[in-house]
Structures are given as C-alpha cells and as structure tokens.
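Have a look at the structure below before the remarks.
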Amino acid sequence: MASGTALIYDEKMATHKLLWSDPICDIEVPERLSSSYEQLKSYHLVERCVPVPAREGSEEEILLVHSLEHLEVAKSTQTMNEEELKRVSENYDAFFFHPSTYHCARLAVGATLQLVDAVMSGEVRNGMALVRPPGHHSQRNAANGFCLFNNVAIAAEYAKLKYGLQRILIVDWDVHHGQGIQYIFEEDPSVLYFSWHRYEHQEFWPSLKESDYDAVGLGKGKGFNINLPWNKVGMGNSDYLAAFFHVLLPMAFEFDPELVIVSSGYDSGIGDPEGQMNATPEVFAHLTHFLMQLANGKLCVILEGGYHLKSLGESVCMTVKTLLGDPVPQITGEMAPCLSAVESIQNVRAAHKPYWKWLAYEDTSFLQNLSTKSHLLKKANSNTSTEHETKITNNNNTVKVERFLELHMKNILFPVPPIKTATIGSEGSEHFLSEHVQLVKEMDKTEIKSLVSGFYADLVEEDKILLSLGSMLAILDKILKKEVCNGIAASPTAALSAAVALRHSVRFGFQRVLCVFVGDMQITPNTEDGKMLIINICEKEQPGKTSCKHCISLNWKEDAEGNDFFSAVLGFILPVAYSYQPNLTVIAVGPNRSLGISGISLLVALLQGLAESRIVAVIEDTEISLLQSVAKALGGASTPPFGIYVPPTQEKVKKIKALRDQFQQEWKMLQCSGKLSD
Ligand code: Q9C
Ligand code: ZN
C-alpha cells in the first residue's frame with residue numbers, strides 16, 4: 001500500500017499578476033499561493049509531506065485538451081508589452097496576461113501531471129498541488145475566468161493515456177461551475193464530472209443554462225456530468241455534507257473510479273467575496289476524508305479558486321492535514337441542510353435517475369420550490385457557522401469572519417496523538433501491528449471493578465464477565481486520555497462491552513456517544529437522556545422493539561453477491577451520525593452479524609469523520625480477517641475494493657426511505673427530498 005502525501009509548490013507561479021487596474025480580475029493575486037504555503041509551513045505540514053518538484057507541461061500535453069491556436073496565442077504573449085497584453089486579454093471573459101503567464105500556466109499543468117505520476121506510480125498515496133493560474137474554466141480554444149490551460153482536464157486525459165485508466169472521477173468543489181471541464185468531457189463516459197456551484201437561477205457568473213442540474217452529459221456521456229446548482233448564497237457545512245451523502249458519494253461508489261482528481265477551489269468557503277458561502281475550513285477535511293475512501297485512496301487535489309487569503313489558507317491546511325491521515329476535526333453548528341439546498345439536491349437526483357442503479361427505486365420528482373413546506377426546513381443564510389457566531393449575514397461580515405478564522409486557527413492545532421491505534425497484545429494481533437499501533441495491557445480486575453461498580457453494580461460479583469471487559473476498558477481509557485485516537489478490542493461479550501463503554505464515556509463527561517452495533521445486541525442501555533445514540537444493524541426484526549430517536553434498529557442483511565451496504569451507510573447511518581455530532585463512536589460487532597467484512601470496514605472508515613476520529617471498535621467475532629480489516633481501516637488504509645457493484649433491492653430502498661421519513665425531523669441531515677412528513 002502506497003503511503004505519504006505529495007506537496008507540489010513552486011514560487012515561480014506567483015509571478016503571474018495583473019499589471020493594470022481591473023476590478024473583475026484583481027482578486028486573483030500571487031499571495032493566494034505564497035500565503036497558503038506559508039500557512040502550511042506554520043502548521044508544520046510542509047515538513048510532513050513528500051516534496052515533489054513542478055515541471056513545465058509539454059506542448060503535446062497541453063494539446064491533449066486545447067487547440068494549437070490557443071496554445072500559439074498563449075505562447076505569443078511572452079514577449080508582449082503591457083498594452084498588447086491588455087488587448088489580448090480583452091478577447092476573453094475575465095482573464096489577464098502577464099509576460100510570465102505562459103510559463104506559469106505550463107508549470108501549473110506540469111505540476112498537476114507530476115502529482116498524477118507520483119500517485120499513479122505509488123510513490124505517494126495522495127497529494128496536493130498549489131498552482132496558478134487555475135484551470136477549470138478554460139476551454140479548448142479560450143482562456144476564461146482566470147484560467148488559461150485546464151490543468152485538471154489535461155491531467156484526466158493524461159492519466160487515461162499514460163495509465164490506461166477507464167474511470168476517473170473529477171470533483172469540483174470550487175464555488176464556480178467548471179464549465180471548461182464539462183465541455184471537454186461532456187460525451188466521455190470514462191470521466192465522471194461533479195460540480196456544485198453558486199447559480200442563483202442563472203444570475204451568477206458564468207450564467208449558463210448548461211450549468212443547471214439538467215445538464216447530465218451528452219451521447220455516450222449521458223449520466224456522467226453532475227451539476228448541483230446552489231440557488232441561494234449562504235450555503236454551509238450541512239448543505240455541502242448533504243450534497244455528498246445524497247448525490248456525489250452514492251454515484252462515486254457506484255462508478256468506482258480508479259483515480260479521483262479534485263478541482264479544489266476554496267471560494268466555496270466562508271468569507272470568500274465571490275462565493276458568499278458559509279462553509280468553514282473544517283468541512284474541507286470531511287470532504288477530503290470521504291474522497292480518500294475511493295480509488296484505493298488515489299486522490300490528487302489541485303488548487304483552483306479561493307480569494308479570501310485567510311480562509312483559503314486555513315482550508316488548504318485542513319485538506320493537506322486530512323490527506324496526511326490526521327484525525328478529522330469536528331464540525332460545529334446546527335446540522336441541517338437549508339430549504340434551497342434540499343430542493344437542488346432533489347432535482348439533481350431526479351435528473352440522474354435514468355442513469356444510476358442506486359437511484360432506480362428512489363422516488364424522485366422535480367421540484368420548483370419547497371416554499372409551501374418551508375416551516376419544516378431551514379432557510380439558506382441562517383446556517384450557523386461557529387459556536388460563537390450564530391449568524392453571518394452578507395452585509396459587513398468581514399470583521400466577524402476575520403474573528404472566526406482567528407479562533408479557527410486554534411482549532412486546527414489540536415494535538416495529534418503520536419500513535420493512532422491501540423490494541424491488546426493477544427493472539428493474532430501480530431497480523432496488524434505496525435509503527436502506528438500501540439500495544440496496551442488489559443485492565444486488571446480491581447481497576448475494572450472500581451470503574452464498573454459506579455453504574456453496573458450487579459456485574460461486580462461475576463469475575464468472568466468483569467474480565468471480559470478488560471481489554472475494551474484499557475483501550476477506551478487511552479482514547480479518553482487522548483494518548484491514542486482509536487482502538488480495537490476483542491471481547492467475548494460485545495453487547496456488554498459496548499454498554500459499559502457508553503456508560504463509562506458519558507460518566508467521563510461526554511455529552512453524546514454514538515454506538516453502531518452490528519449483530520444481535522442482547523443488552524441495550526437506557527438512552528433516554530439523549531447522551532447515547534444506538535443504531536443496531538441486525539438481520540431480524542427484534543420482537544417488541546420499536547425504534548425511537550436514540551435507539552434505532554436497522555434491519556439489514558447484506559447481499560451475498562457483493563456489497564449493497566452503501567445505500568444504508570450513505571442514505572441513513574452517516575446522515576443520522578452527522579446530525580448527532582457525537583464526541584465518541586463505539587462500533588461493536590456481536591453475534592449473527594449481517595454485514596460482511598467489507599461492509600464493516602466501510603463503516604469504520606466513514607465513521608472516522610465523526611468525533612474527531614475517536615473510535616473504539618469491540619469485536620466478538622474471533623475471525624482474524626475481520627480483526628485485521630477493522631484494524632487496517634482504523635489505521636487509515638483506504639477501504640478495500642468491493643467487487644462488482646450490487647444495487648440495493650427495491651425492498652431495501654423502501655426500508656431506508658421509511659426510516660428516513662420516520663426520522664428526518666429529528667435527524668435533519670436525512671433530508672434530501674421535498675416529501676417531508678409534517
Ligand atoms: N462579471 C475561479 O475561481 N468573475 N475563477 C467574472 C464577470 C470571474 C473565477 C465576473 C470569476 C472567475 C478559478
Ligand atoms: Zn472559483
């Protein structure tokens with residue numbers, strides 16, 4: 001398995017700059033690059049990355065996407081004087097040439113290809129390239145929107161050609177529509193392009209009809225172009241996460257890319273003058289973390305926009321930190337997508353229904369507006385951005401944003417435990433020991449007794465039961481003390497161990513603990529105070545047990561052929577978990593588990609987005625390959641390949657839908673359609 005994160009930066013790309021006055025272009029400044037790099041240095045992230053040099057992209061490489069004419073025009077600007085440069089620039093919508101622009105743009109292309117090579121060759125697992133000028137607006141024959149050559153599109157063509165790739169996913173989280181990328185791959189089913197963008201019903205630049213949700217691709221490429229237009233400003237963390245859960249991620253898992261490239265613009269982040277959105281820097285850690293689960297972890301992040309220097313720098317740091325495998329910071333603020341976001345999400349799902357198996361049984365219908373149900377949903381613009389600031393409005397929020405980002409810098413610096421995973425040195429553990437794993441001694445009887453007597457007094461008399469808790473408690477203790485981030489314990493009594501883990505962490509002071517229990521759970525703790533949320537995935541309906549807000553039973557038997565568990569994880573478990581925002585996650589696997597190893601690994605991988613990645617896994621099964629896979633997932637290895645995609649049956653889709661309907665008023669991240677129950 002490849003390891004390491006590449007970072008590509010070349011200060012030469014900071015020489016491209018605007019030489020005359022132009023209020024449209026004056027935000028695309030050299031400091032975007034240099035200050036992001038300084039920020040990375042100040043968090044000691046640069047020294048943790050593998051430095052990869054940039055190179056100039058060759059003419060041949062540029063011609064993979066652009067016309068010879070476009071290349072020649074760009075080349076000819078190297079020797080022009082200011083007046084001539086200005087005249088050529090005026091031929092395009094929002095672009096400026098400097099004598100060094102051509103050289104910088106070739107470096108931007110080459111840097112991107114260097115990153116693709118480093119990742120594809122296995123030299124590193126993933127990486128980020130800080131480049132200027134950006135690329136996603138540029139077209140076969142035209143510069144556009146600060147972009148000269150389409151770095152990401154060239155990279156995708158290059159990867160297809162050089163490595164014979166058949167499926168590449170491009171995720172464009174820049175706040176503008178990368179129409180350049182759309183045009184280039186519109187008819188190409190081997191490149192799945194996803195873009196969300198500020199749209200405001202076509203009012204916002206570039207104001208194209210083809211940026212709307214009904215542009216799904218052309219010819220053979222139908223279904224492989226996904227546009228999610230934002231029709232209001234003020235979209236925030238929960239809107240972005242809802243878009244990932246209910247649109248992008250299910251498609252991405254079905255598509256099963258061999259490489260993921262991000263058109264990584266941070267103008268979709270808080271404080272950006274172009275985007276006017278409210279998403280905080282840590283949301284980019286989550287988005288990055290999700291994408292790391294695809295393509296065996298092969299992820300190339302390429303800078304596009306981002307014009308608020310502090311917000312940009314923080315978000316770049318969040319991205320790189322996550323690529324390096326650090327714990328994912330907690331998202332703050334209320335977790336509920338806004339009305340307008342849900343409407344857009346519903347519409348893109350409806351538009352794509354004919355092309356995607358996972359959507360086949362979802363009932364989707366186009367919506368014009370949800371205003372009749374507006375009392376059920378949150379309005380755009382009231383997205384809470386931080387614990388400290390409740391509302392960030394558009395008029396004069398600069399001071400608030402500055403203050404928020406100041407606080408944020410403290411947030412990102414939360415210490416990373418030197419060792420990630422704790423485990424008990426028992427038979428079999430040698431299979432997953434590595435430098436990131438710490439061996440922990442089981443807790444002894446007296447210690448366990450004094451600990452457990454506080455809440456399960458009747459247990460104290462039964463030695464055998466007490467001792468079965470020893471390994472879980474020792475590991476939980478390490479996690480609570482922040483000596484490790486996560487841990488894995490085998491236990492002959494998973495349900496009891498989970499119950500004790502829940503109680504103990506609530507006593508420790510945690511306000512919300514999430515427990516995902518796979519299999520038959522013989523003991524269910526009292527969840528009434530809301531300090532625990534239990535999701536029990538079991539094969540059979542438990543007689544006499546009805547789900548309630550904090551104790552949900554999900555009857556699910558994984559398909560024997562392959563893996564249809566994505567729909568349950570993305571469509572239900574993650575939205576509920578993100579709505580809850582736990583301080584700790586307990587994953588327990590008990591008897592009669594209805595999920596296979598890859599399903600459980602997927603859960604472990606994705607749940608690391610929660611609770612600052614604090615997870616304790618308790619496993620009753622002694623199957624060594626299960627222990628190994630969970631340990632690997634906890635260590636940050638990407639999810640193993642799932643084999644052939646198996647869509648969920650109609651019956652299963654119905655089940656998820658029923659649960660969504662039942663709980664979407666309580667767990668609002670479940671909202672993805674207009675059919676809200678009153
Ligand atoms: N009235 C990137 O973020 N705005 N490009 C033009 C014309 C151009 C943004 C407004 C914004 C370009 C890479
Ligand atoms: Zn942009």
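Going by the structure tokens order, chains are called A, B, ..., each with residues numbered from 1, while ligands are numbered from 1 in the order shown.
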
Next on the checklist: If we count only C-alpha atoms and set the cut-off at 9 Å, which residues sit around Gln542 (chain A), ignoring sequence neighbours fewer than 5 positions away in its own chain? Please answer as a list in words.
Outcome noted: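 Contacts, with the query itself left out: Asp520, Ser553 and Asn555 of chain A.
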
Go through chain A residue by residue and, counting only C-alpha atoms and all ligand atoms, keep those with an atom at most 10 Å from ligand 1; for each kept residue give the shortest atom pair and its distance in Å to one decimal, ordered by chain and increasing number, as a tab-separated table.
residue	atom	partner	partner_atom_place_in_ligand_line	distance
A:Pro23	CA	ligand 1	10 (C)	9.2
A:Ile24	CA	ligand 1	10 (C)	5.8
A:Cys25	CA	ligand 1	8 (C)	7.0
A:Ile27	CA	ligand 1	11 (C)	9.0
A:Glu28	CA	ligand 1	5 (N)	8.2
A:Asp93	CA	ligand 1	6 (C)	7.1
A:Ala94	CA	ligand 1	6 (C)	5.4
A:Phe95	CA	ligand 1	8 (C)	8.3
A:Arg132	CA	ligand 1	13 (C)	9.4
A:Pro133	CA	ligand 1	13 (C)	8.0
A:Pro134	CA	ligand 1	13 (C)	5.3
A:Gly135	CA	ligand 1	13 (C)	6.5
A:His136	CA	ligand 1	13 (C)	6.4
A:His137	CA	ligand 1	13 (C)	6.6
A:Ser138	CA	ligand 1	13 (C)	9.1
A:Asn144	CA	ligand 1	12 (C)	7.5
A:Gly145	CA	ligand 1	12 (C)	3.7
A:Phe146	CA	ligand 1	5 (N)	5.2
A:Cys147	CA	ligand 1	13 (C)	6.3
A:Asp174	CA	ligand 1	3 (O)	6.6
A:Val175	CA	ligand 1	3 (O)	7.0
A:His176	CA	ligand 1	3 (O)	6.0
A:His177	CA	ligand 1	3 (O)	8.8
A:Gly178	CA	ligand 1	13 (C)	8.1
A:Phe204	CA	ligand 1	10 (C)	8.4
A:Trp205	CA	ligand 1	10 (C)	5.7
A:Pro206	CA	ligand 1	6 (C)	7.0
A:Ser207	CA	ligand 1	7 (C)	9.6
A:Ser263	CA	ligand 1	13 (C)	9.2
A:Ser264	CA	ligand 1	13 (C)	9.3
A:Gly265	CA	ligand 1	3 (O)	6.5
A:Tyr266	CA	ligand 1	3 (O)	8.3
A:Asp267	CA	ligand 1	3 (O)	6.6
A:Ser268	CA	ligand 1	3 (O)	9.3
A:Glu274	CA	ligand 1	11 (C)	7.3
A:Gly275	CA	ligand 1	3 (O)	9.0
A:Leu303	CA	ligand 1	13 (C)	8.7
A:Glu304	CA	ligand 1	13 (C)	4.9
A:Gly305	CA	ligand 1	3 (O)	3.6
A:Gly306	CA	ligand 1	3 (O)	6.3
A:Tyr307	CA	ligand 1	3 (O)	8.0

CA of Lys464 (chain A) sits from CA of Glu623 (chain A) at a separation of 21.7 Å

Next item on the list: Please provide the set of residues having any atom within 9 Å of Ser567 (chain A), restricted to only C-alpha atoms, with same-chain residues fewer than 2 positions apart removed, written as an MDAnalysis selection string.
Entry: chainID A and resid 250 358 564:565 569:572 647:648 652:653 656

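When only C-alpha atoms and all ligand atoms are used to measure the gap to ligand 2, the shortest distance among A:Val630, A:Leu659, A:Met277, A:Ala422 belongs to A:Met277.
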
* Asked: What are the DSSP strand (DSSP E) residues of region 6-140 of chain A, as an MDAnalysis selection string?
  -> chainID A and resid 6:8 50:51 126:129

Kindly save the residues from that selection, with C-alpha atoms included, as a PDB file, in the first residue's frame.
ATOM      1  CA  ALA A   6       2.940  14.766  -2.025  1.00  0.00           C
ATOM      2  CA  LEU A   7       3.001  18.549  -1.926  1.00  0.00           C
ATOM      3  CA  ILE A   8       3.841  20.485  -5.068  1.00  0.00           C
ATOM      4  CA  VAL A  50       6.858  14.499   0.280  1.00  0.00           C
ATOM      5  CA  PRO A  51       8.140  17.429  -1.785  1.00  0.00           C
ATOM      6  CA  ASN A 126      -2.195  11.127  -2.429  1.00  0.00           C
ATOM      7  CA  GLY A 127      -1.230  14.776  -2.672  1.00  0.00           C
ATOM      8  CA  MET A 128      -1.943  18.398  -3.360  1.00  0.00           C
ATOM      9  CA  ALA A 129      -0.609  20.791  -5.996  1.00  0.00           C
TER      10      ALA A 129
END

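Minimum atom-to-atom distances from A:Gly122, A:Gly454, A:Gly609, A:Pro257 to Leu169 (chain A) were compared using only C-alpha atoms, and the lowest value belongs to A:Pro257.
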
Notebook entry, point to check: How would you write, as a list of chain:residue names, the set of residues in region 302-340 of chain A that DSSP gives as alpha helix (DSSP H)?
Noted result: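 Answer for region 302-340 of chain A restricted to alpha helix (DSSP H) is A:Leu309, A:Lys310, A:Ser311, A:Leu312, A:Gly313, A:Glu314, A:Ser315, A:Val316, A:Cys317, A:Met318, A:Thr319, A:Val320, A:Lys321, A:Thr322, A:Leu323, A:Leu339, A:Ser340.
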
Would you output that residue set with C-alpha atoms, as a PDB file, in the first residue's frame?
ATOM      1  CA  LEU A 309      -6.485  34.712   1.847  1.00  0.00           C
ATOM      2  CA  LYS A 310      -7.014  33.572   5.422  1.00  0.00           C
ATOM      3  CA  SER A 311      -9.989  31.369   4.648  1.00  0.00           C
ATOM      4  CA  LEU A 312      -8.128  29.917   1.668  1.00  0.00           C
ATOM      5  CA  GLY A 313      -5.018  29.151   3.721  1.00  0.00           C
ATOM      6  CA  GLU A 314      -6.950  27.518   6.538  1.00  0.00           C
ATOM      7  CA  SER A 315      -8.925  25.381   4.125  1.00  0.00           C
ATOM      8  CA  VAL A 316      -5.794  24.309   2.256  1.00  0.00           C
ATOM      9  CA  CYS A 317      -4.298  23.275   5.611  1.00  0.00           C
ATOM     10  CA  MET A 318      -7.404  21.295   6.506  1.00  0.00           C
ATOM     11  CA  THR A 319      -7.177  19.465   3.201  1.00  0.00           C
ATOM     12  CA  VAL A 320      -3.472  18.609   3.478  1.00  0.00           C
ATOM     13  CA  LYS A 321      -3.790  17.621   7.144  1.00  0.00           C
ATOM     14  CA  THR A 322      -6.526  15.172   6.197  1.00  0.00           C
ATOM     15  CA  LEU A 323      -4.558  13.792   3.247  1.00  0.00           C
ATOM     16  CA  LEU A 339     -34.585  24.550   2.042  1.00  0.00           C
ATOM     17  CA  SER A 340     -32.959  25.688  -1.159  1.00  0.00           C
TER      18      SER A 340
END

**OP:** Find the residues around Glu402 (chain A) up to 12 Å (only C-alpha atoms counted), leave out those fewer than 5 positions away in its own chain, and share them as a PyMOL selection string.
**Re:** chain A and resi 270-272+308-311+314+389+392+396-397+407-409

Write out the residues from the selection above, keeping N, CA and C atoms, as a PDB file, in the first residue's frame.
ATOM      1  N   ILE A 270     -16.100  30.018   3.732  1.00  0.00           N
ATOM      2  CA  ILE A 270     -16.566  31.217   4.435  1.00  0.00           C
ATOM      3  C   ILE A 270     -15.662  32.423   4.147  1.00  0.00           C
ATOM      4  N   GLY A 271     -16.280  33.563   4.005  1.00  0.00           N
ATOM      5  CA  GLY A 271     -15.524  34.801   3.843  1.00  0.00           C
ATOM      6  C   GLY A 271     -15.155  35.128   2.416  1.00  0.00           C
ATOM      7  N   ASP A 272     -15.353  34.199   1.496  1.00  0.00           N
ATOM      8  CA  ASP A 272     -14.918  34.467   0.128  1.00  0.00           C
ATOM      9  C   ASP A 272     -15.838  35.502  -0.530  1.00  0.00           C
ATOM     10  N   HIS A 308     -10.294  34.713  -0.398  1.00  0.00           N
ATOM     11  CA  HIS A 308     -10.117  35.287   0.939  1.00  0.00           C
ATOM     12  C   HIS A 308      -8.886  34.601   1.513  1.00  0.00           C
ATOM     13  N   LEU A 309      -7.779  35.356   1.602  1.00  0.00           N
ATOM     14  CA  LEU A 309      -6.485  34.712   1.847  1.00  0.00           C
ATOM     15  C   LEU A 309      -6.468  33.856   3.110  1.00  0.00           C
ATOM     16  N   LYS A 310      -7.057  34.337   4.180  1.00  0.00           N
ATOM     17  CA  LYS A 310      -7.014  33.572   5.422  1.00  0.00           C
ATOM     18  C   LYS A 310      -7.874  32.314   5.334  1.00  0.00           C
ATOM     19  N   SER A 311      -9.076  32.502   4.800  1.00  0.00           N
ATOM     20  CA  SER A 311      -9.989  31.369   4.648  1.00  0.00           C
ATOM     21  C   SER A 311      -9.361  30.327   3.721  1.00  0.00           C
ATOM     22  N   GLU A 314      -6.438  28.464   5.549  1.00  0.00           N
ATOM     23  CA  GLU A 314      -6.950  27.518   6.538  1.00  0.00           C
ATOM     24  C   GLU A 314      -7.534  26.281   5.873  1.00  0.00           C
ATOM     25  N   GLU A 389     -20.448  32.510  16.723  1.00  0.00           N
ATOM     26  CA  GLU A 389     -21.217  33.446  15.908  1.00  0.00           C
ATOM     27  C   GLU A 389     -22.429  32.668  15.429  1.00  0.00           C
ATOM     28  N   ILE A 392     -24.084  34.861  10.274  1.00  0.00           N
ATOM     29  CA  ILE A 392     -23.177  35.695   9.496  1.00  0.00           C
ATOM     30  C   ILE A 392     -23.958  36.181   8.288  1.00  0.00           C
ATOM     31  N   ASN A 396     -21.518  43.474   5.701  1.00  0.00           N
ATOM     32  CA  ASN A 396     -20.441  43.773   6.633  1.00  0.00           C
ATOM     33  C   ASN A 396     -20.121  42.639   7.604  1.00  0.00           C
ATOM     34  N   ASN A 397     -19.856  41.485   7.079  1.00  0.00           N
ATOM     35  CA  ASN A 397     -19.499  40.372   7.950  1.00  0.00           C
ATOM     36  C   ASN A 397     -17.995  40.182   8.058  1.00  0.00           C
ATOM     37  N   LEU A 407     -10.124  32.318  15.575  1.00  0.00           N
ATOM     38  CA  LEU A 407     -10.443  31.237  16.511  1.00  0.00           C
ATOM     39  C   LEU A 407     -10.177  29.885  15.879  1.00  0.00           C
ATOM     40  N   HIS A 408     -10.417  29.828  14.593  1.00  0.00           N
ATOM     41  CA  HIS A 408     -10.278  28.569  13.894  1.00  0.00           C
ATOM     42  C   HIS A 408      -8.856  28.043  13.939  1.00  0.00           C
ATOM     43  N   MET A 409      -7.903  28.972  13.887  1.00  0.00           N
ATOM     44  CA  MET A 409      -6.504  28.553  13.861  1.00  0.00           C
ATOM     45  C   MET A 409      -6.148  27.774  15.114  1.00  0.00           C
TER      46      MET A 409
END

Among listed residues A:Gly223, A:Gly519, A:Gly269, A:Gly643, nearest ligand 2 (using only C-alpha atoms and all ligand atoms):
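The closest residue to ligand 2 is A:Gly269.
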
Note to self: Taking only C-alpha atoms and all ligand atoms into account, name the residue in A:Gln179, A:Asp212, A:Cys548, A:Met80 that is nearest to ligand 2.
What the structure shows: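 So, comparing all the options, the nearest one is A:Gln179.
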
Of A:Lys400, A:His197, A:Lys478, A:Lys657, the one sitting nearest ligand 2 when using only C-alpha atoms and all ligand atoms is A:His197

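Considering the residues A:Gly57, A:Arg48, A:Asp172, A:Leu64 and counting only C-alpha atoms and all ligand atoms, ligand 2 has its shortest atom-to-atom contact with A:Asp172.
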
Need the shell around Glu187 (chain A): protein/DNA/RNA residues with any atom at most 12 Å away, counting only C-alpha atoms. Skip same-chain ones fewer than 5 positions apart. Format as a list in words? Ile181, Gln182, Leu192, Tyr193, Ala215, Val216, Gly217, Leu218, Gly219, Lys220, Gly221, Lys222, Gly223, Phe224 and Asn225 of chain A

Quick one: residues within 10 Å of region 232-239 of chain A, only C-alpha atoms, excluding same-chain residues fewer than 3 positions away - as a PDB file with C-alpha atoms, in the first residue's frame?
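Below is the file selection19.pdb, written as the result:
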ATOM      1  CA  ARG A 198     -23.321  29.257  -6.974  1.00  0.00           C
ATOM      2  CA  TYR A 199     -26.017  29.641  -9.615  1.00  0.00           C
ATOM      3  CA  GLU A 200     -28.915  31.730  -8.310  1.00  0.00           C
ATOM      4  CA  HIS A 201     -31.173  30.612 -11.134  1.00  0.00           C
ATOM      5  CA  PRO A 229     -26.576  24.434  -8.684  1.00  0.00           C
ATOM      6  CA  ALA A 242     -25.895  16.649   2.394  1.00  0.00           C
ATOM      7  CA  ALA A 243     -24.748  17.010  -1.208  1.00  0.00           C
ATOM      8  CA  PHE A 244     -22.041  14.418  -0.592  1.00  0.00           C
ATOM      9  CA  PHE A 245     -24.355  11.954   1.197  1.00  0.00           C
ATOM     10  CA  SER A 268     -16.858  27.943  -1.664  1.00  0.00           C
ATOM     11  CA  GLY A 269     -15.570  28.605   1.866  1.00  0.00           C
ATOM     12  CA  ILE A 270     -16.566  31.217   4.435  1.00  0.00           C
ATOM     13  CA  GLY A 275     -18.832  32.696  -3.290  1.00  0.00           C
ATOM     14  CA  GLN A 276     -20.638  34.381  -0.364  1.00  0.00           C
ATOM     15  CA  MET A 277     -20.974  30.944   1.225  1.00  0.00           C
ATOM     16  CA  ASN A 278     -20.656  29.986   4.896  1.00  0.00           C
ATOM     17  CA  ALA A 279     -18.822  26.648   4.904  1.00  0.00           C
ATOM     18  CA  THR A 280     -15.999  26.604   7.450  1.00  0.00           C
ATOM     19  CA  PRO A 281     -12.479  25.300   6.759  1.00  0.00           C
ATOM     20  CA  GLU A 282     -13.055  22.007   8.565  1.00  0.00           C
ATOM     21  CA  VAL A 283     -15.727  20.988   6.086  1.00  0.00           C
ATOM     22  CA  PHE A 284     -12.917  20.502   3.563  1.00  0.00           C
ATOM     23  CA  HIS A 286     -14.566  15.989   5.772  1.00  0.00           C
ATOM     24  CA  ILE A 331     -17.944  20.262  12.530  1.00  0.00           C
ATOM     25  CA  THR A 332     -19.689  22.859  14.642  1.00  0.00           C
ATOM     26  CA  GLY A 333     -23.091  24.426  14.275  1.00  0.00           C
ATOM     27  CA  GLU A 334     -26.550  23.095  13.633  1.00  0.00           C
ATOM     28  CA  MET A 335     -26.623  20.172  11.215  1.00  0.00           C
ATOM     29  CA  ALA A 336     -29.486  20.662   8.806  1.00  0.00           C
ATOM     30  CA  PRO A 337     -29.451  21.442   5.107  1.00  0.00           C
ATOM     31  CA  CYS A 338     -31.403  24.516   4.070  1.00  0.00           C
ATOM     32  CA  LEU A 339     -34.585  24.550   2.042  1.00  0.00           C
ATOM     33  CA  SER A 340     -32.959  25.688  -1.159  1.00  0.00           C
ATOM     34  CA  ALA A 341     -30.176  23.096  -0.895  1.00  0.00           C
ATOM     35  CA  VAL A 342     -32.660  20.254  -0.438  1.00  0.00           C
ATOM     36  CA  ILE A 345     -30.364  18.004  -4.276  1.00  0.00           C
ATOM     37  CA  LYS A 379     -33.669  28.824   5.340  1.00  0.00           C
ATOM     38  CA  ALA A 380     -30.438  29.493   3.489  1.00  0.00           C
ATOM     39  CA  ASN A 381     -28.276  32.133   5.092  1.00  0.00           C
ATOM     40  CA  SER A 382     -29.134  31.190   8.638  1.00  0.00           C
ATOM     41  CA  ASN A 383     -26.556  28.435   8.636  1.00  0.00           C
ATOM     42  CA  THR A 384     -24.752  28.649  11.905  1.00  0.00           C
ATOM     43  CA  SER A 385     -21.104  28.830  11.218  1.00  0.00           C
ATOM     44  CA  ILE A 392     -23.177  35.695   9.496  1.00  0.00           C
ATOM     45  CA  THR A 393     -25.081  37.935   7.200  1.00  0.00           C
ATOM     46  CA  ASN A 394     -23.864  39.345   3.956  1.00  0.00           C
ATOM     47  CA  PRO A 575     -26.711  11.448   7.939  1.00  0.00           C
ATOM     48  CA  TYR A 578     -23.599  13.731  11.405  1.00  0.00           C
ATOM     49  CA  SER A 579     -26.852  15.177  12.711  1.00  0.00           C
ATOM     50  CA  LYS A 668     -32.181  16.620   9.726  1.00  0.00           C
ATOM     51  CA  MET A 669     -29.218  15.547   7.605  1.00  0.00           C
TER      52      MET A 669
END

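Reported to one decimal place, the separation of CA of Val618 (chain A) from CA of Ser3 (chain A) is 26.9 Å.
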
Practice item. Work out how far CA of Asp10 (chain A) is from CA of Glu59 (chain A), in Å to one decimal. Key: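 These atoms are spaced 19.7 Å apart.
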